[in-house]
Amino acid sequence: MAMGGAFPFQWPAEPADPGLDVALPPLPTAVPDAGMASYYAADAATVPMAPPPDFAAALAAMRREEEEAAGIRLVHLLMSCAGAVEAGDHAAASACLADAHAALAAVSPASGIGRVAVHFTAALSRRLFPPTPSPPPPPAAGDVVADHAFLYHHFYEAGPYLKFAHFTANQAILEAVQGCKHVHIIDFNLMQGLQWPALIQALALRPGGPPFLRLTGIGPPSPPGRDDLRDVGVRLADLARSVRVHFSFRGVAANRLDEVRPWMLQVSQGEAVAVNSVLQLHRLVADPTAADAAPIDAVLDCVSSMRPRVFTVVEQEADHNKPGFLDRFTEALFYYSAVFDSLDAASGGAVDAAAEAYLEREICDIVCAEGAERRERHEPLRRWRDRLGRAGLAGVPLGVNALRQARMLVGLFSGEGHCVEEADGCLTL
């Protein structure tokens, strides 16, 4: 019988007593009525039957509850493993990790916690059981750079993070150099130059005409036979020419920002200088327990010496530079859970695998690396304010339209799941 109808039933007959000769009542007769079957017995009232509950919905709700419970248990196992790592108890950490691997099977890899737990479990595995002492030869430096650029581009396309960063930084630069005839932008991480076409086009439409624009792009050295910085500069020069902006480009190759000296940037008298850093400065911060000066100090001294009109800084609002491993691990676990949830919201649940790999590298560095080897040292806004203030840099007020335009941009590129707020004079996504 199809679900949703009434179930046929009858009272069970009493066994016949061989000593009695009693006629049994006639069997019930089925009377169909508009597709529903009811049964009538002699001298008995009709018994109405309610449709059964929606078992599919109930089963789905039960599975969601089970998965949520499994996700909570998985988080506790991962944190217990991190606590054992911090305590130096390898046996306990290994046992918790084994339980976490088993618990992953009960959590959908498509869910936010399932996806992020896979990466944190893998990172803990790598920390507890590092690769053999004789790994295959490392890839060439040029291959590493090209691979990072590929993942960076996919992360740019997957969500609003880098678009928001570029837009807000460009808006601050436009306001700072308003009316200036010679503008010199120094980009601490040129990559594919994705930030600058929008700014060049905005300068082309500036009332009174565009300025003469110089762009100095800093990036890693290219492999033999290639000049990636120059290639980006040529593409930007072609764009500038098409919109009639006088443009000059210069690439500065450096493995680390603290290797760059002011004389390498060739700042000229009369230029309005703007220095731009998107997701770079946190890699120059030292461990809080380190006694030596951090590379960030030399870089900020270099910036201050150029006396820029504006220094635009974009960083993650997180605290992944704590000295205790458990604190750092816990902060990172919840931070990246939110990041993956927001990527789901922006992509409709179909997160780009290359964009996910970009985040996976950050997670692996935070969990596995210690001391000078760790590069991802995100810190909260209040700490950046203090550090920039000690370097002689003061906050610049946001323009009246910055918040409104940033909200419009995020609405265009991310759908639901993101919002832009102003916090202590900064825009936060």
# chains A, B, ... in the order shown; residues from 1 in each chain; ligands from 1
>>> residues_around(residues="Arg383 (chain A)", least_positions_apart="4", cutoff="12 Å", atoms="only C-alpha atoms", output="mmCIF file with all heavy atoms, in the first residue's frame")
data_model
loop_
_atom_site.group_PDB
_atom_site.id
_atom_site.type_symbol
_atom_site.label_atom_id
_atom_site.label_comp_id
_atom_site.auth_asym_id
_atom_site.auth_seq_id
_atom_site.Cartn_x
_atom_site.Cartn_y
_atom_site.Cartn_z
ATOM 1 N N HIS A 282 51.923 39.963 7.908
ATOM 2 C CA HIS A 282 51.885 38.961 8.979
ATOM 3 C C HIS A 282 53.009 37.940 8.847
ATOM 4 O O HIS A 282 53.391 37.300 9.827
ATOM 5 C CB HIS A 282 50.526 38.249 8.991
ATOM 6 C CG HIS A 282 50.281 37.374 7.812
ATOM 7 N ND1 HIS A 282 49.706 37.842 6.639
ATOM 8 C CD2 HIS A 282 50.537 36.062 7.594
ATOM 9 C CE1 HIS A 282 49.606 36.854 5.777
ATOM 10 N NE2 HIS A 282 50.110 35.758 6.325
ATOM 11 N N VAL A 285 56.161 38.944 11.007
ATOM 12 C CA VAL A 285 56.038 39.058 12.459
ATOM 13 C C VAL A 285 56.770 37.897 13.110
ATOM 14 O O VAL A 285 56.709 36.754 12.624
ATOM 15 C CB VAL A 285 54.554 39.068 12.872
ATOM 16 C CG1 VAL A 285 54.405 39.103 14.380
ATOM 17 C CG2 VAL A 285 53.861 40.270 12.244
ATOM 18 N N PRO A 288 56.043 35.608 19.546
ATOM 19 C CA PRO A 288 55.972 36.524 20.692
ATOM 20 C C PRO A 288 57.065 36.308 21.728
ATOM 21 O O PRO A 288 57.422 37.228 22.466
ATOM 22 C CB PRO A 288 54.581 36.229 21.287
ATOM 23 C CG PRO A 288 53.796 35.626 20.182
ATOM 24 C CD PRO A 288 54.775 34.877 19.338
ATOM 25 N N GLU A 315 44.912 42.676 6.288
ATOM 26 C CA GLU A 315 45.346 41.481 7.017
ATOM 27 C C GLU A 315 44.134 40.723 7.540
ATOM 28 O O GLU A 315 43.057 41.294 7.688
ATOM 29 C CB GLU A 315 46.263 41.851 8.189
ATOM 30 C CG GLU A 315 47.664 42.280 7.779
ATOM 31 C CD GLU A 315 48.469 41.149 7.164
ATOM 32 O OE1 GLU A 315 48.120 39.974 7.395
ATOM 33 O OE2 GLU A 315 49.440 41.437 6.431
ATOM 34 N N GLN A 316 44.330 39.426 7.834
ATOM 35 C CA GLN A 316 43.279 38.633 8.456
ATOM 36 C C GLN A 316 43.080 39.066 9.906
ATOM 37 O O GLN A 316 44.047 39.294 10.628
ATOM 38 C CB GLN A 316 43.633 37.143 8.439
ATOM 39 C CG GLN A 316 43.578 36.493 7.074
ATOM 40 C CD GLN A 316 44.937 36.436 6.389
ATOM 41 O OE1 GLN A 316 45.741 37.359 6.505
ATOM 42 N NE2 GLN A 316 45.190 35.358 5.686
ATOM 43 N N GLU A 317 41.830 39.199 10.292
ATOM 44 C CA GLU A 317 41.497 39.524 11.680
ATOM 45 C C GLU A 317 41.426 38.204 12.458
ATOM 46 O O GLU A 317 40.365 37.590 12.617
ATOM 47 C CB GLU A 317 40.165 40.276 11.733
ATOM 48 C CG GLU A 317 39.588 40.487 13.115
ATOM 49 C CD GLU A 317 40.360 41.482 13.972
ATOM 50 O OE1 GLU A 317 41.380 42.025 13.505
ATOM 51 O OE2 GLU A 317 39.934 41.711 15.114
ATOM 52 N N ALA A 318 42.593 37.746 12.892
ATOM 53 C CA ALA A 318 42.690 36.467 13.595
ATOM 54 C C ALA A 318 43.859 36.550 14.561
ATOM 55 O O ALA A 318 44.586 37.554 14.593
ATOM 56 C CB ALA A 318 42.877 35.319 12.603
ATOM 57 N N ASP A 319 44.054 35.505 15.342
ATOM 58 C CA ASP A 319 45.138 35.492 16.326
ATOM 59 C C ASP A 319 45.843 34.140 16.268
ATOM 60 O O ASP A 319 45.646 33.277 17.111
ATOM 61 C CB ASP A 319 44.584 35.752 17.737
ATOM 62 C CG ASP A 319 45.670 36.206 18.709
ATOM 63 O OD1 ASP A 319 46.842 36.241 18.291
ATOM 64 O OD2 ASP A 319 45.346 36.511 19.865
ATOM 65 N N ASN A 321 49.176 33.767 16.188
ATOM 66 C CA ASN A 321 50.577 33.925 16.582
ATOM 67 C C ASN A 321 50.743 33.776 18.083
ATOM 68 O O ASN A 321 51.654 34.347 18.679
ATOM 69 C CB ASN A 321 51.104 35.290 16.118
ATOM 70 C CG ASN A 321 52.618 35.332 16.088
ATOM 71 O OD1 ASN A 321 53.270 34.320 15.854
ATOM 72 N ND2 ASN A 321 53.198 36.503 16.334
ATOM 73 N N ARG A 377 51.351 34.181 10.513
ATOM 74 C CA ARG A 377 51.284 34.681 11.890
ATOM 75 C C ARG A 377 50.243 35.800 11.981
ATOM 76 O O ARG A 377 50.552 36.953 12.304
ATOM 77 C CB ARG A 377 52.653 35.186 12.343
ATOM 78 C CG ARG A 377 53.730 34.092 12.361
ATOM 79 C CD ARG A 377 55.079 34.645 12.777
ATOM 80 N NE ARG A 377 56.083 33.594 12.871
ATOM 81 C CZ ARG A 377 56.284 32.833 13.937
ATOM 82 N NH1 ARG A 377 55.548 33.011 15.017
ATOM 83 N NH2 ARG A 377 57.231 31.915 13.936
ATOM 84 N N HIS A 378 49.016 35.469 11.650
ATOM 85 C CA HIS A 378 47.944 36.470 11.663
ATOM 86 C C HIS A 378 47.738 37.000 13.080
ATOM 87 O O HIS A 378 47.778 36.240 14.054
ATOM 88 C CB HIS A 378 46.644 35.844 11.150
ATOM 89 C CG HIS A 378 46.814 35.111 9.860
ATOM 90 N ND1 HIS A 378 46.307 33.847 9.638
ATOM 91 C CD2 HIS A 378 47.459 35.462 8.717
ATOM 92 C CE1 HIS A 378 46.627 33.450 8.418
ATOM 93 N NE2 HIS A 378 47.316 34.409 7.839
ATOM 94 N N GLU A 379 47.479 38.299 13.158
ATOM 95 C CA GLU A 379 47.257 38.941 14.454
ATOM 96 C C GLU A 379 46.032 39.849 14.366
ATOM 97 O O GLU A 379 45.672 40.325 13.288
ATOM 98 C CB GLU A 379 48.491 39.750 14.877
ATOM 99 C CG GLU A 379 49.692 38.873 15.192
ATOM 100 C CD GLU A 379 50.827 39.645 15.834
ATOM 101 O OE1 GLU A 379 50.849 40.897 15.715
ATOM 102 O OE2 GLU A 379 51.682 39.024 16.461
ATOM 103 N N ARG A 387 51.456 48.315 16.565
ATOM 104 C CA ARG A 387 52.734 48.144 15.856
ATOM 105 C C ARG A 387 52.950 49.284 14.849
ATOM 106 O O ARG A 387 54.051 49.844 14.760
ATOM 107 C CB ARG A 387 52.735 46.787 15.144
ATOM 108 C CG ARG A 387 54.021 46.497 14.383
ATOM 109 C CD ARG A 387 53.989 45.118 13.742
ATOM 110 N NE ARG A 387 54.118 44.064 14.745
ATOM 111 C CZ ARG A 387 53.173 43.195 15.039
ATOM 112 N NH1 ARG A 387 52.001 43.251 14.408
ATOM 113 N NH2 ARG A 387 53.374 42.265 15.939
ATOM 114 N N LEU A 388 51.918 49.624 14.087
ATOM 115 C CA LEU A 388 52.057 50.702 13.108
ATOM 116 C C LEU A 388 52.257 52.047 13.798
ATOM 117 O O LEU A 388 52.997 52.909 13.301
ATOM 118 C CB LEU A 388 50.827 50.743 12.206
ATOM 119 C CG LEU A 388 50.639 49.521 11.298
ATOM 120 C CD1 LEU A 388 49.249 49.537 10.660
ATOM 121 C CD2 LEU A 388 51.708 49.469 10.230
ATOM 122 N N GLY A 389 51.610 52.218 14.946
ATOM 123 C CA GLY A 389 51.792 53.459 15.691
ATOM 124 C C GLY A 389 53.219 53.616 16.189
ATOM 125 O O GLY A 389 53.789 54.718 16.155
ATOM 126 N N ARG A 390 53.826 52.517 16.659
ATOM 127 C CA ARG A 390 55.214 52.586 17.133
ATOM 128 C C ARG A 390 56.172 52.924 16.000
ATOM 129 O O ARG A 390 57.254 53.463 16.234
ATOM 130 C CB ARG A 390 55.623 51.250 17.770
ATOM 131 C CG ARG A 390 54.938 50.956 19.089
ATOM 132 C CD ARG A 390 55.623 49.814 19.825
ATOM 133 N NE ARG A 390 55.635 48.575 19.061
ATOM 134 C CZ ARG A 390 54.682 47.655 19.098
ATOM 135 N NH1 ARG A 390 53.603 47.859 19.867
ATOM 136 N NH2 ARG A 390 54.779 46.539 18.392
#
>>> select_by_dssp(residues="region 186-384 of chain A", states="helix (DSSP H, G or I)", output="PyMOL selection string")
chain A and resi 196-204+228-242+257-259+262-265+281-284+295-305+325-347+353-368+371-373+381-384
>>> residues_around(residues="Gln201 (chain A)", least_positions_apart="3", cutoff="12 Å", atoms="only C-alpha atoms", output="VMD selection string")
chain A and resid 170 174 195 to 198 204 to 206 209 to 211 213 236 to 237 239 to 247
>>> residues_around(residues="region 326-339 of chain A", least_positions_apart="3", cutoff="10 Å", atoms="only C-alpha atoms", output="PyMOL selection string")
chain A and resi 75+78-87+112-117+119-120+124+159+161+316-323+342-345+359-360+362-363+366-367+377-378
>>> residues_around(residues="Ser304 (chain A)", least_positions_apart="5", cutoff="12 Å", atoms="only C-alpha atoms", output="JSON, numbers by chain")
{"A": [262, 273, 274, 275, 297, 298, 299, 309, 310, 311, 388, 389, 390, 391, 392, 393, 394]}
>>> closest_residue(among="A:Phe212, A:Trp384, A:Phe129, A:Phe150", to="Ile185 (chain A)", atoms="only C-alpha atoms")
A:Phe212
>>> select_by_dssp(residues="region 200-257 of chain A", states="strand (DSSP E)", output="PyMOL selection string")
chain A and resi 212-219+247-253
>>> write_last_selection(atoms="N, CA and C atoms", output="mmCIF file, in the first residue's frame")
data_model
loop_
_atom_site.group_PDB
_atom_site.id
_atom_site.type_symbol
_atom_site.label_atom_id
_atom_site.label_comp_id
_atom_site.auth_asym_id
_atom_site.auth_seq_id
_atom_site.Cartn_x
_atom_site.Cartn_y
_atom_site.Cartn_z
ATOM 1 N N PHE A 212 50.376 61.217 -13.907
ATOM 2 C CA PHE A 212 51.414 60.297 -14.380
ATOM 3 C C PHE A 212 51.584 59.241 -13.288
ATOM 4 N N LEU A 213 51.409 57.970 -13.652
ATOM 5 C CA LEU A 213 51.382 56.888 -12.666
ATOM 6 C C LEU A 213 52.609 56.005 -12.803
ATOM 7 N N ARG A 214 53.343 55.870 -11.705
ATOM 8 C CA ARG A 214 54.438 54.904 -11.627
ATOM 9 C C ARG A 214 54.014 53.777 -10.690
ATOM 10 N N LEU A 215 54.299 52.552 -11.101
ATOM 11 C CA LEU A 215 54.006 51.387 -10.273
ATOM 12 C C LEU A 215 55.282 50.580 -10.091
ATOM 13 N N THR A 216 55.672 50.387 -8.858
ATOM 14 C CA THR A 216 56.795 49.512 -8.528
ATOM 15 C C THR A 216 56.235 48.248 -7.895
ATOM 16 N N GLY A 217 56.420 47.129 -8.574
ATOM 17 C CA GLY A 217 55.877 45.863 -8.100
ATOM 18 C C GLY A 217 56.962 44.959 -7.560
ATOM 19 N N ILE A 218 56.803 44.521 -6.321
ATOM 20 C CA ILE A 218 57.771 43.632 -5.686
ATOM 21 C C ILE A 218 57.246 42.198 -5.761
ATOM 22 N N GLY A 219 58.127 41.274 -6.085
ATOM 23 C CA GLY A 219 57.737 39.874 -6.169
ATOM 24 C C GLY A 219 58.953 38.977 -6.142
ATOM 25 N N PHE A 247 51.966 55.965 -17.913
ATOM 26 C CA PHE A 247 52.247 54.867 -16.988
ATOM 27 C C PHE A 247 53.697 54.409 -17.128
ATOM 28 N N SER A 248 54.283 54.099 -15.983
ATOM 29 C CA SER A 248 55.639 53.558 -15.949
ATOM 30 C C SER A 248 55.670 52.417 -14.922
ATOM 31 N N PHE A 249 56.364 51.347 -15.274
ATOM 32 C CA PHE A 249 56.421 50.179 -14.384
ATOM 33 C C PHE A 249 57.876 49.777 -14.140
ATOM 34 N N ARG A 250 58.097 49.304 -12.903
ATOM 35 C CA ARG A 250 59.417 48.762 -12.555
ATOM 36 C C ARG A 250 59.221 47.600 -11.592
ATOM 37 N N GLY A 251 59.827 46.469 -11.887
ATOM 38 C CA GLY A 251 59.744 45.313 -11.008
ATOM 39 C C GLY A 251 60.973 45.204 -10.121
ATOM 40 N N VAL A 252 60.764 44.816 -8.882
ATOM 41 C CA VAL A 252 61.856 44.598 -7.923
ATOM 42 C C VAL A 252 61.737 43.151 -7.424
ATOM 43 N N ALA A 253 62.715 42.325 -7.765
ATOM 44 C CA ALA A 253 62.691 40.915 -7.373
ATOM 45 C C ALA A 253 63.345 40.747 -6.007
#
>>> residues_around(residues="Pro131 (chain A)", least_positions_apart="6", cutoff="12 Å", atoms="only C-alpha atoms", output="PyMOL selection string")
chain A and resi 123+125+368
>>> write_last_selection(atoms="N, CA, C and O atoms", output="PDB file, in the first residue's frame")
ATOM      1  N   ALA A 123      46.749  17.997   8.791  1.00  0.00           N
ATOM      2  CA  ALA A 123      47.871  18.785   9.303  1.00  0.00           C
ATOM      3  C   ALA A 123      48.415  18.184  10.601  1.00  0.00           C
ATOM      4  O   ALA A 123      49.642  18.116  10.804  1.00  0.00           O
ATOM      5  N   SER A 125      48.258  15.038  11.398  1.00  0.00           N
ATOM      6  CA  SER A 125      48.958  13.814  10.979  1.00  0.00           C
ATOM      7  C   SER A 125      50.366  14.142  10.497  1.00  0.00           C
ATOM      8  O   SER A 125      51.330  13.431  10.818  1.00  0.00           O
ATOM      9  N   CYS A 368      51.651  22.881  11.574  1.00  0.00           N
ATOM     10  CA  CYS A 368      52.855  22.042  11.516  1.00  0.00           C
ATOM     11  C   CYS A 368      54.148  22.785  11.824  1.00  0.00           C
ATOM     12  O   CYS A 368      55.088  22.192  12.355  1.00  0.00           O
TER      13      CYS A 368
END
>>> atom_distance(atom1="CA of Val313 (chain A)", atom2="CA of Pro295 (chain A)")
16.3 Å
>>> residues_around(residues="region 98-105 of chain A", least_positions_apart="3", cutoff="8 Å", atoms="only C-alpha atoms", output="number ranges by chain")
A: 70, 73-74, 77-78, 94-95, 108, 114, 117-118, 121
